[in-house]
Structure formats: structure tokens, C-alpha cells
file protein11.tsv (TSV, C-alpha atoms)
chain	number	residue	atom	x	y	z
M	1	MET	CA	-9.69	25.77	5.80
M	2	SER	CA	-8.47	22.36	4.67
M	3	PRO	CA	-9.06	19.45	7.02
M	4	SER	CA	-6.12	18.13	8.99
M	5	PRO	CA	-4.42	14.90	7.78
M	6	ARG	CA	-5.65	13.12	10.91
M	7	ILE	CA	-9.28	14.08	10.34
M	8	THR	CA	-9.02	13.17	6.66
M	9	LEU	CA	-7.50	9.79	7.47
M	10	LEU	CA	-10.18	9.09	10.09
M	11	ALA	CA	-12.89	9.96	7.59
M	12	VAL	CA	-11.39	7.53	5.08
M	13	LEU	CA	-11.09	4.80	7.69
M	14	THR	CA	-14.66	5.38	8.86
M	15	ALA	CA	-16.00	5.31	5.31
M	16	ALA	CA	-14.05	2.16	4.48
M	17	THR	CA	-15.26	0.42	7.60
M	18	THR	CA	-18.83	1.47	6.93
M	19	LEU	CA	-18.66	0.04	3.42
M	20	ALA	CA	-16.92	-3.18	4.41
M	21	VAL	CA	-18.80	-3.82	7.64
M	22	PRO	CA	-22.43	-2.66	7.43
M	23	CYS	CA	-24.62	-2.49	10.50
M	24	LEU	CA	-25.94	-5.94	11.32
M	25	SER	CA	-29.68	-6.09	11.84
M	26	ALA	CA	-31.48	-8.62	14.00
M	27	HIS	CA	-32.61	-10.35	10.81
M	28	ALA	CA	-29.20	-10.65	9.16
M	29	ALA	CA	-27.80	-14.11	8.51
M	30	GLY	CA	-24.34	-15.52	9.02
M	31	THR	CA	-21.54	-14.59	11.34
M	32	ASP	CA	-19.67	-11.32	11.57
M	33	PRO	CA	-16.15	-10.87	13.02
M	34	TRP	CA	-16.43	-7.44	14.61
M	35	VAL	CA	-17.00	-6.21	18.12
M	36	ARG	CA	-20.36	-4.43	17.95
M	37	ALA	CA	-21.76	-1.41	19.84
M	38	TRP	CA	-25.01	0.57	19.92
M	39	GLY	CA	-27.00	3.20	21.85
M	40	GLU	CA	-25.78	6.59	23.03
M	41	ASN	CA	-22.56	7.85	21.47
M	42	ALA	CA	-22.19	11.55	22.26
M	43	GLN	CA	-18.62	11.06	23.53
M	44	GLY	CA	-17.57	8.52	20.92
M	45	GLN	CA	-18.02	5.64	23.37
M	46	LEU	CA	-19.21	3.27	20.65
M	47	GLY	CA	-15.77	3.42	19.03
M	48	ASN	CA	-17.02	3.69	15.45
M	49	GLY	CA	-15.28	6.94	14.56
M	50	SER	CA	-18.35	9.13	15.08
M	51	VAL	CA	-20.40	10.70	17.86
M	52	LEU	CA	-23.74	9.75	16.34
M	53	ALA	CA	-26.20	7.56	18.25
M	54	GLN	CA	-26.60	4.05	16.86
M	55	GLN	CA	-29.94	2.19	16.85
M	56	THR	CA	-28.49	-1.13	15.65
M	57	PRO	CA	-25.15	-2.84	16.34
M	58	ALA	CA	-22.30	-1.16	14.46
M	59	ALA	CA	-18.68	-2.26	14.20
M	60	VAL	CA	-16.14	-0.92	16.67
M	61	LEU	CA	-13.30	0.25	14.42
M	62	GLY	CA	-10.55	-2.28	13.90
M	63	ILE	CA	-11.37	-4.73	16.71
M	64	THR	CA	-12.45	-8.28	15.95
M	65	ARG	CA	-14.01	-10.56	18.55
M	66	ASP	CA	-11.22	-13.07	18.10
M	67	ASP	CA	-8.74	-10.45	19.32
M	68	VAL	CA	-10.65	-9.56	22.50
M	69	ARG	CA	-10.29	-11.27	25.85
M	70	GLU	CA	-12.41	-8.81	27.84
M	71	LEU	CA	-14.29	-5.56	27.20
M	72	SER	CA	-15.61	-3.25	29.91
M	73	GLY	CA	-17.79	-0.16	29.56
M	74	GLY	CA	-17.44	2.80	31.91
M	75	GLY	CA	-19.13	6.08	32.69
M	76	GLY	CA	-22.74	7.08	32.37
M	77	GLY	CA	-25.29	8.74	30.11
M	78	ALA	CA	-25.45	11.36	27.38
M	79	ALA	CA	-24.23	14.38	29.35
M	80	ALA	CA	-20.57	15.23	28.83
M	81	ALA	CA	-20.02	15.06	32.59
M	82	ALA	CA	-21.12	11.40	32.54
M	83	ASN	CA	-17.79	10.41	30.97
M	84	PRO	CA	-18.84	7.30	28.96
M	85	PHE	CA	-15.89	5.23	27.71
M	86	ALA	CA	-14.71	1.68	27.13
M	87	VAL	CA	-11.56	-0.38	27.54
M	88	ALA	CA	-10.77	-3.63	25.74
M	89	LEU	CA	-8.15	-6.18	26.78
M	90	LEU	CA	-6.77	-8.00	23.77
M	91	LYS	CA	-5.54	-11.56	23.85
M	92	ASP	CA	-1.98	-10.35	23.31
M	93	GLY	CA	-2.11	-8.59	26.70
M	94	THR	CA	-2.40	-5.04	25.38
M	95	VAL	CA	-5.29	-2.66	26.11
M	96	LYS	CA	-7.23	-0.31	23.85
M	97	SER	CA	-9.55	2.49	25.01
M	98	TRP	CA	-12.00	4.98	23.51
M	99	GLY	CA	-14.74	7.47	24.38
M	100	SER	CA	-14.77	10.30	26.92
M	101	ASN	CA	-11.46	11.23	28.52
M	102	ALA	CA	-12.35	14.13	30.80
M	103	THR	CA	-10.80	12.39	33.82
M	104	GLY	CA	-7.94	10.68	31.98
M	105	GLN	CA	-9.85	7.40	31.96
M	106	LEU	CA	-8.49	6.40	28.55
M	107	GLY	CA	-5.01	6.18	30.05
M	108	ASN	CA	-3.38	7.66	26.96
M	109	GLY	CA	-1.60	10.57	28.64
M	110	THR	CA	-4.16	13.19	27.59
M	111	LEU	CA	-7.61	14.50	28.50
M	112	VAL	CA	-8.80	14.42	24.88
M	113	ALA	CA	-11.75	12.21	23.94
M	114	GLN	CA	-11.40	9.82	21.01
M	115	SER	CA	-14.14	8.08	19.02
M	116	PHE	CA	-12.01	5.13	17.92
M	117	PRO	CA	-9.92	2.56	19.83
M	118	ALA	CA	-6.27	3.33	20.45
M	119	THR	CA	-3.66	1.39	22.39
M	120	VAL	CA	-2.91	2.44	25.98
M	121	ALA	CA	0.82	3.08	25.72
M	122	GLY	CA	3.11	1.11	27.99
M	123	LEU	CA	0.56	-1.52	28.96
M	124	SER	CA	1.40	-5.13	28.12
M	125	GLY	CA	1.05	-8.49	29.82
M	126	VAL	CA	-2.37	-7.51	31.17
M	127	SER	CA	-4.72	-10.30	32.30
M	128	GLU	CA	-7.87	-8.40	33.45
M	129	VAL	CA	-9.46	-4.94	33.00
M	130	SER	CA	-12.46	-3.11	34.41
M	131	ALA	CA	-13.97	0.31	33.67
M	132	GLY	CA	-15.74	2.26	36.41
M	133	LEU	CA	-17.67	5.49	36.43
M	134	ASN	CA	-14.59	7.64	35.82
M	135	HIS	CA	-11.55	5.38	36.29
M	136	ALA	CA	-10.16	2.08	35.05
M	137	LEU	CA	-8.23	-0.85	36.50
M	138	ALA	CA	-5.93	-3.49	35.02
M	139	VAL	CA	-4.13	-6.54	36.42
M	140	LYS	CA	-0.56	-7.21	35.30
M	141	GLY	CA	1.52	-9.95	36.87
M	142	GLY	CA	-0.83	-10.08	39.84
M	143	ARG	CA	-0.44	-6.35	40.53
M	144	VAL	CA	-3.17	-3.73	39.96
M	145	LEU	CA	-2.69	-0.63	37.83
M	146	ALA	CA	-5.20	2.24	37.85
M	147	TRP	CA	-5.85	5.47	35.96
M	148	GLY	CA	-8.44	8.22	35.64
M	149	SER	CA	-10.11	10.20	38.41
M	150	ASN	CA	-8.79	9.84	41.95
M	151	ALA	CA	-11.23	12.31	43.51
M	152	SER	CA	-12.59	9.61	45.86
M	153	LYS	CA	-9.23	7.83	46.24
M	154	GLN	CA	-10.47	5.09	43.92
M	155	LEU	CA	-7.05	4.65	42.32
M	156	GLY	CA	-5.60	3.36	45.58
M	157	THR	CA	-2.30	5.13	45.06
M	158	GLY	CA	-2.15	7.25	48.20
M	159	GLN	CA	-1.40	10.23	45.97
M	160	ASP	CA	-3.02	13.50	44.89
M	161	THR	CA	-6.83	13.38	44.66
M	162	THR	CA	-7.36	16.71	42.88
M	163	ASN	CA	-5.90	15.88	39.47
M	164	PRO	CA	-6.75	12.97	37.19
M	165	TYR	CA	-4.07	10.43	36.36
M	166	ARG	CA	-3.74	10.21	32.60
M	167	ALA	CA	-1.62	7.06	32.50
M	168	PRO	CA	-1.62	3.82	34.52
M	169	ILE	CA	0.02	3.90	37.96
M	170	PRO	CA	0.38	1.09	40.52
M	171	VAL	CA	-2.15	0.52	43.29
M	172	GLN	CA	-0.46	0.20	46.66
M	173	SER	CA	0.26	-3.03	48.49
M	174	LEU	CA	-1.71	-5.64	46.55
M	175	ASP	CA	-0.18	-8.67	44.85
M	176	LYS	CA	-1.41	-12.04	43.58
M	177	VAL	CA	-4.62	-10.43	42.27
M	178	LYS	CA	-6.65	-12.46	39.79
M	179	ASP	CA	-9.57	-10.12	39.05
M	180	VAL	CA	-10.69	-6.52	39.55
M	181	GLY	CA	-13.95	-4.57	39.41
M	182	ALA	CA	-14.37	-0.80	39.13
M	183	GLY	CA	-17.60	0.80	40.35
M	184	CYS	CA	-18.81	4.34	40.94
M	185	ASP	CA	-15.79	5.92	42.64
M	186	PHE	CA	-14.48	2.73	44.25
M	187	SER	CA	-12.49	-0.37	43.35
M	188	VAL	CA	-12.52	-4.08	44.18
M	189	ALA	CA	-9.80	-6.72	43.82
M	190	LEU	CA	-10.07	-10.50	44.19
M	191	ARG	CA	-6.83	-12.17	45.24
M	192	GLN	CA	-5.78	-15.69	44.34
M	193	ASP	CA	-6.28	-16.75	47.96
M	194	GLY	CA	-10.03	-16.01	47.73
M	195	THR	CA	-9.96	-12.78	49.74
M	196	VAL	CA	-11.52	-9.52	48.54
M	197	TRP	CA	-9.92	-6.08	48.93
M	198	THR	CA	-11.58	-2.69	48.38
M	199	TRP	CA	-10.65	0.99	48.29
M	200	GLY	CA	-12.07	4.38	47.30
M	201	LYS	CA	-15.40	5.93	48.20
M	202	GLY	CA	-17.02	4.34	51.24
M	203	ASP	CA	-20.54	5.80	51.02
M	204	ASN	CA	-23.40	3.28	51.36
M	205	GLY	CA	-20.92	0.77	52.78
M	206	ARG	CA	-19.73	-0.14	49.29
M	207	LEU	CA	-16.26	-1.12	50.57
M	208	GLY	CA	-17.74	-3.83	52.81
M	209	THR	CA	-15.29	-3.13	55.62
M	210	GLY	CA	-17.87	-2.52	58.37
M	211	ASN	CA	-18.06	1.26	58.04
M	212	ASN	CA	-18.62	3.99	55.46
M	213	THR	CA	-15.08	5.37	55.54
M	214	THR	CA	-13.38	6.31	52.27
M	215	ARG	CA	-10.01	4.53	51.92
M	216	GLU	CA	-7.02	5.45	49.78
M	217	THR	CA	-5.31	2.07	50.21
M	218	PRO	CA	-6.75	-1.43	49.72
M	219	GLN	CA	-8.44	-2.94	52.78
M	220	LYS	CA	-9.45	-6.58	53.19
M	221	VAL	CA	-13.19	-7.24	53.44
M	222	PRO	CA	-13.46	-8.98	56.84
M	223	ASP	CA	-14.94	-12.45	57.31
M	224	LEU	CA	-15.12	-13.14	53.59
M	225	VAL	CA	-13.13	-16.14	52.33
M	226	ASP	CA	-13.08	-18.64	49.49
M	227	VAL	CA	-14.47	-16.16	46.97
M	228	GLU	CA	-14.34	-17.42	43.40
M	229	SER	CA	-15.68	-14.38	41.54
M	230	VAL	CA	-16.85	-10.82	42.11
M	231	ALA	CA	-19.27	-8.59	40.19
M	232	VAL	CA	-19.36	-4.83	40.78
M	233	GLY	CA	-22.32	-2.51	40.19
M	234	CYS	CA	-22.39	1.26	40.54
M	235	ASP	CA	-22.41	1.18	44.34
M	236	HIS	CA	-22.90	-2.45	45.34
M	237	VAL	CA	-20.81	-5.62	45.09
M	238	LEU	CA	-21.65	-9.30	44.65
M	239	ALA	CA	-19.28	-12.13	45.55
M	240	LEU	CA	-19.70	-15.84	44.74
M	241	THR	CA	-18.04	-18.23	47.19
M	242	ALA	CA	-16.69	-21.70	46.49
M	243	ASP	CA	-19.72	-23.30	48.12
M	244	GLY	CA	-22.15	-21.48	45.81
M	245	VAL	CA	-23.28	-18.77	48.25
M	246	VAL	CA	-23.71	-15.22	46.92
M	247	LYS	CA	-22.71	-12.38	49.26
M	248	SER	CA	-23.52	-8.71	48.72
M	249	TRP	CA	-22.78	-5.34	50.26
M	250	GLY	CA	-23.14	-1.62	49.61
M	251	LYS	CA	-26.22	0.33	48.58
M	252	GLY	CA	-29.52	-1.48	49.08
M	253	ALA	CA	-32.20	1.13	48.35
M	254	GLU	CA	-33.39	-0.60	45.16
M	255	GLY	CA	-33.11	-4.10	46.60
M	256	GLN	CA	-29.79	-4.76	44.86
M	257	LEU	CA	-28.40	-6.62	47.88
M	258	GLY	CA	-31.09	-9.28	47.46
M	259	ASN	CA	-31.43	-9.83	51.21
M	260	ASP	CA	-35.12	-8.91	51.59
M	261	SER	CA	-34.22	-5.35	52.57
M	262	THR	CA	-33.81	-1.86	51.15
M	263	THR	CA	-31.16	-0.94	53.70
M	264	ASP	CA	-27.50	-0.36	52.89
M	265	SER	CA	-25.00	-2.83	54.32
M	266	ASN	CA	-21.35	-2.02	55.05
M	267	LYS	CA	-20.47	-5.69	55.45
M	268	PRO	CA	-21.31	-8.79	53.39
M	269	VAL	CA	-24.80	-10.27	53.71
M	270	ASP	CA	-26.29	-13.34	52.06
M	271	VAL	CA	-28.40	-12.93	48.93
M	272	ALA	CA	-31.57	-14.79	49.93
M	273	TYR	CA	-33.07	-17.93	48.42
M	274	LEU	CA	-30.16	-18.72	46.12
M	275	ASP	CA	-28.19	-21.93	45.92
M	276	ALA	CA	-26.29	-23.90	43.28
M	277	VAL	CA	-25.12	-20.66	41.64
M	278	ALA	CA	-22.79	-20.98	38.66
M	279	ARG	CA	-22.15	-17.33	37.73
M	280	ILE	CA	-23.01	-13.85	38.99
M	281	PHE	CA	-23.46	-10.53	37.21
M	282	ALA	CA	-23.98	-7.02	38.64
M	283	THR	CA	-25.67	-4.36	36.55
M	284	SER	CA	-25.89	-0.71	37.56
M	285	ALA	CA	-28.31	-1.31	40.46
M	286	SER	CA	-29.42	-4.93	40.01
M	287	GLY	CA	-28.01	-8.42	40.25
M	288	PHE	CA	-28.37	-11.64	38.26
M	289	ALA	CA	-27.33	-15.22	38.92
M	290	VAL	CA	-27.11	-18.12	36.49
M	291	LEU	CA	-27.92	-21.30	38.39
M	292	ASP	CA	-26.38	-24.72	37.88
M	293	ASP	CA	-29.47	-25.89	36.03
M	294	GLY	CA	-29.13	-23.05	33.52
M	295	SER	CA	-32.00	-20.95	34.88
M	296	LEU	CA	-31.63	-17.26	35.64
M	297	ALA	CA	-32.61	-15.24	38.72
M	298	GLY	CA	-32.63	-11.46	39.09
M	299	TRP	CA	-33.13	-8.87	41.83
M	300	GLY	CA	-32.76	-5.15	42.51
M	301	LYS	CA	-33.85	-2.10	40.54
M	302	ASN	CA	-36.70	-2.75	38.15
M	303	THR	CA	-38.48	0.56	37.61
M	304	ASP	CA	-37.86	0.32	33.85
M	305	ARG	CA	-38.51	-3.44	33.65
M	306	GLN	CA	-34.79	-4.14	33.49
M	307	LEU	CA	-35.19	-7.38	35.48
M	308	GLY	CA	-37.53	-8.83	32.86
M	309	ASP	CA	-39.92	-10.39	35.37
M	310	GLY	CA	-43.08	-8.85	33.88
M	311	THR	CA	-43.35	-6.07	36.48
M	312	ASN	CA	-41.79	-2.68	37.09
M	313	ALA	CA	-41.42	-3.21	40.85
M	314	ASN	CA	-38.02	-3.35	42.50
M	315	ARG	CA	-37.24	-6.83	43.83
M	316	THR	CA	-35.50	-7.24	47.19
M	317	THR	CA	-34.99	-10.99	46.74
M	318	PRO	CA	-34.16	-13.04	43.62
M	319	VAL	CA	-36.97	-13.86	41.17
M	320	VAL	CA	-36.49	-16.82	38.85
M	321	LEU	CA	-36.89	-15.74	35.21
M	322	ASP	CA	-38.15	-18.93	33.61
M	323	HIS	CA	-38.40	-17.45	30.12
M	324	LEU	CA	-34.70	-16.55	29.99
M	325	LYS	CA	-32.65	-19.66	29.26
M	326	GLY	CA	-29.14	-20.22	27.96
M	327	VAL	CA	-27.71	-16.96	29.27
M	328	GLN	CA	-23.93	-16.75	28.87
M	329	SER	CA	-23.35	-13.10	29.78
M	330	ILE	CA	-25.46	-10.21	31.13
M	331	SER	CA	-24.80	-6.52	31.51
M	332	GLY	CA	-26.97	-3.48	32.17
M	333	GLY	CA	-26.89	0.27	32.52
M	334	ALA	CA	-29.22	2.63	34.33
M	335	ASP	CA	-32.49	1.35	32.87
M	336	PHE	CA	-31.90	-1.63	30.56
M	337	THR	CA	-30.34	-5.08	30.37
M	338	VAL	CA	-28.71	-7.03	27.53
M	339	ALA	CA	-27.73	-10.69	27.44
M	340	ALA	CA	-25.71	-13.00	25.20
M	341	LEU	CA	-27.34	-16.42	24.80
M	342	ASP	CA	-25.78	-19.77	24.04
M	343	ASP	CA	-27.17	-19.72	20.49
M	344	GLY	CA	-25.02	-16.67	19.68
M	345	SER	CA	-27.86	-14.16	19.84
M	346	VAL	CA	-28.03	-10.95	21.87
M	347	ILE	CA	-31.33	-9.94	23.42
M	348	GLY	CA	-32.39	-7.01	25.58
M	349	TRP	CA	-35.20	-5.74	27.78
M	350	GLY	CA	-36.14	-2.60	29.70
M	351	ALA	CA	-36.07	1.02	28.57
M	352	ASN	CA	-35.04	1.89	25.02
M	353	ALA	CA	-35.47	5.64	24.49
M	354	ALA	CA	-31.82	5.93	23.42
M	355	ALA	CA	-31.95	2.73	21.31
M	356	GLN	CA	-29.90	1.00	24.00
M	357	LEU	CA	-31.57	-2.34	23.23
M	358	GLY	CA	-30.11	-2.28	19.70
M	359	ASP	CA	-33.21	-3.54	17.85
M	360	GLY	CA	-33.57	-0.53	15.57
M	361	THR	CA	-36.38	1.07	17.58
M	362	THR	CA	-36.75	3.34	20.59
M	363	SER	CA	-39.61	1.37	22.14
M	364	GLY	CA	-39.10	-0.25	25.52
M	365	THR	CA	-40.27	-3.75	26.36
M	366	THR	CA	-43.43	-4.73	28.19
M	367	GLY	CA	-44.28	-7.74	30.30
M	368	THR	CA	-41.64	-10.43	29.96
M	369	SER	CA	-40.93	-9.65	26.31
M	370	THR	CA	-37.42	-9.24	24.95
M	371	VAL	CA	-36.07	-7.83	21.69
M	372	THR	CA	-33.23	-9.10	19.53
M	373	ALA	CA	-30.18	-6.97	18.78
M	374	LEU	CA	-28.13	-9.72	17.10
M	375	PRO	CA	-29.45	-12.98	15.66
M	376	PRO	CA	-28.60	-16.56	16.60
M	377	GLY	CA	-25.35	-17.68	15.04
M	378	SER	CA	-23.73	-14.25	15.29
M	379	GLY	CA	-20.80	-15.69	17.23
M	380	ILE	CA	-21.28	-13.34	20.17
M	381	THR	CA	-20.49	-14.75	23.62
M	382	HIS	CA	-20.20	-11.64	25.83
M	383	VAL	CA	-21.94	-8.31	26.38
M	384	ALA	CA	-21.00	-5.13	28.25
M	385	THR	CA	-22.58	-1.73	28.93
M	386	THR	CA	-21.54	1.63	30.28
M	387	VAL	CA	-21.93	1.61	34.07
M	388	THR	CA	-24.90	3.97	34.44
M	389	GLY	CA	-25.45	4.94	30.83
M	390	LYS	CA	-27.26	3.74	27.70
M	391	SER	CA	-24.55	2.26	25.49
M	392	ALA	CA	-23.94	-1.45	24.89
M	393	PHE	CA	-21.25	-3.70	23.44
M	394	ALA	CA	-21.20	-7.30	22.16
M	395	TYR	CA	-18.14	-9.42	21.48

call {"tool": "encode", "arguments": {"input": "protein11.tsv", "output": "C-alpha cells"}}
result
Amino acid sequence: MSPSPRITLLAVLTAATTLAVPCLSAHAAGTDPWVRAWGENAQGQLGNGSVLAQQTPAAVLGITRDDVRELSGGGGGAAAAANPFAVALLKDGTVKSWGSNATGQLGNGTLVAQSFPATVAGLSGVSEVSAGLNHALAVKGGRVLAWGSNASKQLGTGQDTTNPYRAPIPVQSLDKVKDVGAGCDFSVALRQDGTVWTWGKGDNGRLGTGNNTTRETPQKVPDLVDVESVAVGCDHVLALTADGVVKSWGKGAEGQLGNDSTTDSNKPVDVAYLDAVARIFATSASGFAVLDDGSLAGWGKNTDRQLGDGTNANRTTPVVLDHLKGVQSISGGADFTVAALDDGSVIGWGANAAAQLGDGTTSGTTGTSTVTALPPGSGITHVATTVTGKSAFAY
């Protein structure tokens, strides 16, 4: 049987892109304009037109770094049920999505996966996006839109929880929102007034409202004010306040709350021994902070050496990582971490069985060693990963 026109066209596009934009090794010289992705790809989450795993950074079809304002990876690992996908906010305010679509998380009106980026119809004027385990969020004009699974009420719409929502719909009540974060079955919004609002699954206290109740409408996190930024992991949240204090709440079993405990907290607690914090990042079950002096501290899950502190022991309080300097962006999945440095390089550490470190091997790191996925001067300033999976992106 002859191939369909769509499949034929995709094959041509893929071949053309492969010829014009070869995979960039860690030893390549010069800059490259493309968004890059590597690691697991069984659901097309790398956006390169295939479902083949990628050991080195390959171009995401048709998206240049200069076009991208923000990219967020969602979903988990190789299993189809893990729903790995990605969303990219372009500087013109439109959104593209690709990967698994089993819960409508691509927002394109279907449940059909796609291995290449396509525009989310009807979305324009967007200022922020975030991909969770099986849903996505966007901010438009200070209002929040959501799509994908609503099984844990994570869309905040007050509507049906049994069927996925295949296109963006408004979250109830919230306005004047400046940022959002999607986690594993819950959602977080930061308003312009410095307050934080949460909804969805309440297990492990991840909503921070003082109980473990699941909520279908946004609720304000009590006694939390002057928040400048939020970072959302799978089931924990970090918040940086105007005075440089880092708060955390949610699951604490791997030390991801950083408060010298392995106990969950359903209300914000202080991350210990941190001050003068410039930026915060939450990986799947860990946390990182860039300090004012440029140094980096990490805490939380470390069983696969994803903290990079030379051990494989979980850390319940922040550990300063003296060998990691110039970090601009950090992201991490279930068992690995990648970072963009100020020299334009991308490095990684932790597990690597699925080539999620992007260095062309499947060997994990030892001690405090790191590997290089993209060389200095590559022009990269940001990284992202799937929430609990083994796929990475650089832009």
C-alpha cells in the first residue's frame, strides 16, 4: 500500500532536517540555531519526527532558539502510560506541542500523539506555560488556561474529571497571574501580588493549604506573601520570597523539602541553611538554588547521584556544590540532572542508561564528575526535562 501524503511529507521533512541540521556532539564547534533534545523518545517527545531514542542532542523540527520564550517538558518515562510530551511558548505568544497525547495534553483537540511540534490552535497572547505529568497550563492576559487530564481536578475547571480535555479551557476564579507550574496531578499559580494559589491532587500536602484535601478550584496558600518565583517538582513546591527565603511544601520522603526532615508538609516550611538566594529550581524530587555569589546548592533525592555532591545519599538540607559554577538553568527527571552554564555549554550528571545525559554514552557519572552534552559557545541558555522521565531539552 502506498504511504499517505502526510507520512511521505513528514519523511521528506525529517530527511531534510537531518541533512541540514546534523546531531551536534559535545566536541562540535560553533553555534547552532536549533532547540535540541535527547534521551528517551518512544512517544515522539523529542520532537524530531521519529520515535527513536537519541544519545546526543538532535534538532527539534522547525523550532529555533531565537523563537522560543519558554519550553517545558511533561510526563514520565518510556512506558506509553507515562505520557511524555513537551510544550513550547514562542515569542509571538503562540504555543507548540508534541509527544504523547493520551490525556489530551497536546491541546490540539485530539488524543493522537505527534512526533513533531504543531501549533495549539486558538492560543495566542500567551506569556507563560508549564507541562505537568499529564496536563498543561498557560497564562494569557493574567488568566490561566489548562488542558489534558482532569482526573485529580488539576485543571481547576470545576468540570468533569472522567474525560480528558483536548483543548485549553479557563481555570476558575484566578486573575492577575504572572507564572504557573504544573506538577504530578496538581497545579500552582503565582499572582502579581506575590500570593500563591494551588489546586488539584492534595496528597502529601502538595497544595500547601494545611491539609491533604484535593481541590477543584484554586485555593490561596495561607501565610505566604511576597513570593517572587515558584518552582514545581513532581509532588513538592519551592517558593522564593522577596527577602531571599526559600519555602517548600509537599512530599518530603527524599528530603526534597530541605528542612532537615523526611516528613511531608501540608504547609510551607523554610528550606534550611539558605540565604542570599537568586534563583530556585525544582527537579522531579530534588531542589537547587543559585546563590547571589553564583554558587549552587542542592538537596533532596540523590540515589542516582543526581545532586552531584559525590555521594548517592539523599540530602535533607542543602549541600553547596562548589564544583558547579556559572549555572543559568537546571532541570532534572527521575534520576538525572542537566544544567546550562554561562559559557553556553550544557552538562549533566546522574544516571544515563537511556542516554538522558546526552553525551553519546549510556554510562552514568561517578563522584562529582559531569559530562558535556553541548559545548561552550553553543548559545544555549535554558534546559528542560520531562517531569519524571529521561528526556531532555536545551534552548

call {"tool": "atom_distance", "arguments": {"input": "protein11.tsv", "atom1": "atom CA of Cys184 of chain M", "atom2": "atom CA of Arg215 of chain M"}}
result
14.1 Å

call {"tool": "closest_atom_pairs", "arguments": {"input": "protein11.tsv", "of": "segment 162-257 of chain M", "to": "segment 317-327 of chain M", "cutoff": "10 Å", "atoms": "only C-alpha atoms", "output": "JSON lines"}}
result
{"residue": "M:Gly255", "atom": "CA", "partner": "M:Thr317", "partner_atom": "CA", "distance": 7.1}
{"residue": "M:Gln256", "atom": "CA", "partner": "M:Thr317", "partner_atom": "CA", "distance": 8.3}
{"residue": "M:Leu257", "atom": "CA", "partner": "M:Thr317", "partner_atom": "CA", "distance": 8.0}

call {"tool": "atom_distance", "arguments": {"input": "protein11.tsv", "atom1": "atom CA of Ala253 of chain M", "atom2": "atom CA of Ser295 of chain M"}}
result
25.9 Å

call {"tool": "closest_atom_pairs", "arguments": {"input": "protein11.tsv", "of": "segment 110-206 of chain M", "to": "segment 228-237 of chain M", "cutoff": "10 Å", "atoms": "all atoms listed in the file", "output": "JSON lines"}}
result
{"residue": "M:Ser130", "atom": "CA", "partner": "M:Val232", "partner_atom": "CA", "distance": 9.5}
{"residue": "M:Gly132", "atom": "CA", "partner": "M:Cys234", "partner_atom": "CA", "distance": 7.9}
{"residue": "M:Leu133", "atom": "CA", "partner": "M:Cys234", "partner_atom": "CA", "distance": 7.6}
{"residue": "M:Lys178", "atom": "CA", "partner": "M:Ser229", "partner_atom": "CA", "distance": 9.4}
{"residue": "M:Asp179", "atom": "CA", "partner": "M:Ser229", "partner_atom": "CA", "distance": 7.9}
{"residue": "M:Val180", "atom": "CA", "partner": "M:Val230", "partner_atom": "CA", "distance": 7.9}
{"residue": "M:Gly181", "atom": "CA", "partner": "M:Val232", "partner_atom": "CA", "distance": 5.6}
{"residue": "M:Ala182", "atom": "CA", "partner": "M:Val232", "partner_atom": "CA", "distance": 6.6}
{"residue": "M:Gly183", "atom": "CA", "partner": "M:Cys234", "partner_atom": "CA", "distance": 4.8}
{"residue": "M:Cys184", "atom": "CA", "partner": "M:Cys234", "partner_atom": "CA", "distance": 4.7}
{"residue": "M:Asp185", "atom": "CA", "partner": "M:Asp235", "partner_atom": "CA", "distance": 8.3}
{"residue": "M:Phe186", "atom": "CA", "partner": "M:Asp235", "partner_atom": "CA", "distance": 8.1}
{"residue": "M:Ser187", "atom": "CA", "partner": "M:Val232", "partner_atom": "CA", "distance": 8.6}
{"residue": "M:Val188", "atom": "CA", "partner": "M:Val232", "partner_atom": "CA", "distance": 7.7}
{"residue": "M:Ala189", "atom": "CA", "partner": "M:Val230", "partner_atom": "CA", "distance": 8.3}
{"residue": "M:Leu190", "atom": "CA", "partner": "M:Val230", "partner_atom": "CA", "distance": 7.1}
{"residue": "M:Arg191", "atom": "CA", "partner": "M:Glu228", "partner_atom": "CA", "distance": 9.3}
{"residue": "M:Gln192", "atom": "CA", "partner": "M:Glu228", "partner_atom": "CA", "distance": 8.8}
{"residue": "M:Asp193", "atom": "CA", "partner": "M:Glu228", "partner_atom": "CA", "distance": 9.3}
{"residue": "M:Gly194", "atom": "CA", "partner": "M:Glu228", "partner_atom": "CA", "distance": 6.3}
{"residue": "M:Thr195", "atom": "CA", "partner": "M:Glu228", "partner_atom": "CA", "distance": 9.0}
{"residue": "M:Val196", "atom": "CA", "partner": "M:Val230", "partner_atom": "CA", "distance": 8.5}
{"residue": "M:Lys201", "atom": "CA", "partner": "M:Asp235", "partner_atom": "CA", "distance": 9.3}
{"residue": "M:Gly202", "atom": "CA", "partner": "M:Asp235", "partner_atom": "CA", "distance": 9.3}
{"residue": "M:Asp203", "atom": "CA", "partner": "M:Asp235", "partner_atom": "CA", "distance": 8.3}
{"residue": "M:Asn204", "atom": "CA", "partner": "M:Asp235", "partner_atom": "CA", "distance": 7.4}
{"residue": "M:Gly205", "atom": "CA", "partner": "M:His236", "partner_atom": "CA", "distance": 8.3}
{"residue": "M:Arg206", "atom": "CA", "partner": "M:His236", "partner_atom": "CA", "distance": 5.6}

call {"tool": "atom_distance", "arguments": {"input": "protein11.tsv", "atom1": "atom CA of Thr366 of chain M", "atom2": "atom CA of Arg305 of chain M"}}
result
7.5 Å

call {"tool": "residues_near_point", "arguments": {"input": "protein11.tsv", "point": "(-30.5, -8.8, 47.0)", "cutoff": "10 Å", "atoms": "only C-alpha atoms", "output": "ChimeraX atom specification"}}
result
/M:238,246-249,252,254-262,269-274,286-288,298-301,315-318

call {"tool": "closest_residue", "arguments": {"input": "protein11.tsv", "among": "M:Gly158, M:Pro168, M:Gly44, M:Pro222", "to": "Gly200 of chain M", "atoms": "only C-alpha atoms"}}
result
M:Gly158

call {"tool": "axis_aligned_box", "arguments": {"input": "protein11.tsv", "around": "segment 87-105 of chain M", "padding_each_side": "5 Å", "output": "AutoDock Vina command-line options"}}
result
--center_x -8.4 --center_y 1.3 --center_z 28.6 --size_x 22.8 --size_y 35.7 --size_z 20.5

call {"tool": "closest_residue", "arguments": {"input": "protein11.tsv", "among": "M:Gly250, M:Pro164, M:Gly389, M:Gly350", "to": "Thr365 of chain M", "atoms": "only C-alpha atoms"}}
result
M:Gly350
